[in-house]
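Structure record follows, encoded as structure tokens.
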Amino acid sequence: MAEWDDSHDSDWEGSSDTFEYDLNAHWPSDADPAEVFFGLIRELQDHFHIRKAVLILKEKVHSRFCAVATFHEGRMRKNLSLRLPGHSSLFQKVADHRAMYTETFCDLFSGNTFERNLLLDDDCRSYAMIPLLHDGSVVGILGFSSDDPTTFVTFENGAVDGVVTQFSERVGRAVSVSE
């Protein structure tokens, strides 16, 4: 009798479970969104195979998106202001649809090259993009990629909804203060 091969199962058990992390308990209300993003990524890595991540925020003046922080295998970069091209933008499509997007075939990435480089590398096998909603508007996008094709299945089932809502509120308040 063959044994079950769970080598590709994610560390997160069960689709009905949720990832519990209270941003308000760990971060002061005036904390830089990039720092909170890095803390969130560190926590997510304890439960999910996160290889790369990017924090995209919307510029109110130009209604364009900018990459403001990135994470790649433990290396963090912040204080970025990389405007994303508007043409062939998968990030823009996610914002327009206001819904999470996941994919397990990275070769089918339909965004532009700039977005692909921010989110994927040669070892990535899946990715997810989650719009950050505040007061009815998209204020940013969280992008994640993994070398495990099953990592984001639990995201689709709501595992990170609570913490994403908290983070969206944080980003929304930070954006409205900076205007």
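Each chain in the structure tokens gets a letter, A, B, ..., in the order shown, and its residues are numbered from 1; ligands are numbered from 1 in order too.
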Could you write out, as a ChimeraX atom specification, all the residues of segment 54-159 of chain A that DSSP marks as strand (DSSP E or B)? /A:54-58,65-72,75-77,82-83,101-103,126-134,137-146
Best match for closeness to Asn117 of chain A among A:Val153, A:Leu84, A:Ala174, A:Ala25, counting only C-alpha atoms: A:Leu84
What's the 10 Å shell around Ser88 of chain A, counting only C-alpha atoms, without same-chain residues fewer than 2 positions away, as a ChimeraX atom specification? /A:85-86,90-93,110-113,115
List as a tab-separated table (two decimals) with C-alpha atoms, in the first residue's frame the protein and nucleic acid residues near segment 31-43 of chain A, meaning an atom at most 8 Å away when only C-alpha atoms are counted, but skip any in the same chain fewer than 5 places from it.
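Output file out_22.tsv is given in full below:
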chain	number	residue	atom	x	y	z
A	21	TYR	CA	-2.30	37.97	14.15
A	23	LEU	CA	-1.52	44.11	14.11
A	50	ILE	CA	6.40	32.99	1.34
A	53	ALA	CA	6.34	39.77	-1.23
A	55	LEU	CA	3.65	46.16	-0.89
A	68	VAL	CA	7.05	50.91	-1.65
A	69	ALA	CA	8.52	47.79	0.01
A	71	PHE	CA	10.74	41.14	0.60
A	76	MET	CA	13.78	43.58	2.95
A	78	LYS	CA	11.70	49.88	1.94
A	79	ASN	CA	11.50	53.57	1.09
A	170	ARG	CA	-3.62	50.85	8.65
A	171	VAL	CA	-2.58	51.64	5.09
A	174	ALA	CA	-1.51	56.32	6.64
Check the DSSP output for the backbone and give back, as a count of residues only, the residues of segment 98-152 of chain A in helix (DSSP H, G or I). 10
From the set A:Tyr127, A:Trp27, A:Phe65, A:Phe19, which residue has the shortest atom-to-atom contact distance to His47 of chain A, counting only C-alpha atoms?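 Under the stated criterion, the closest residue is A:Phe19.
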Residue with smallest distance to Cys106 of chain A - pool A:Gly136, A:Pro149, A:Pro131, A:Gly143, counting only C-alpha atoms: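 Among the listed residues, A:Pro149 lies closest to Cys106 of chain A.
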Of the candidates A:Ser146, A:Ser29, A:Ser89, A:Thr18, which one gets nearest to Arg125 of chain A if we count only C-alpha atoms?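 When distances to Arg125 of chain A are compared using only C-alpha atoms, the smallest one comes from A:Ser146.
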Could you tell me how far atom CA of Ala95 of chain A sits from atom CA of Gly74 of chain A, in Å to one decimal place?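 Taking atom CA of Gly74 of chain A and atom CA of Ala95 of chain A, their separation equals 26.9 Å.
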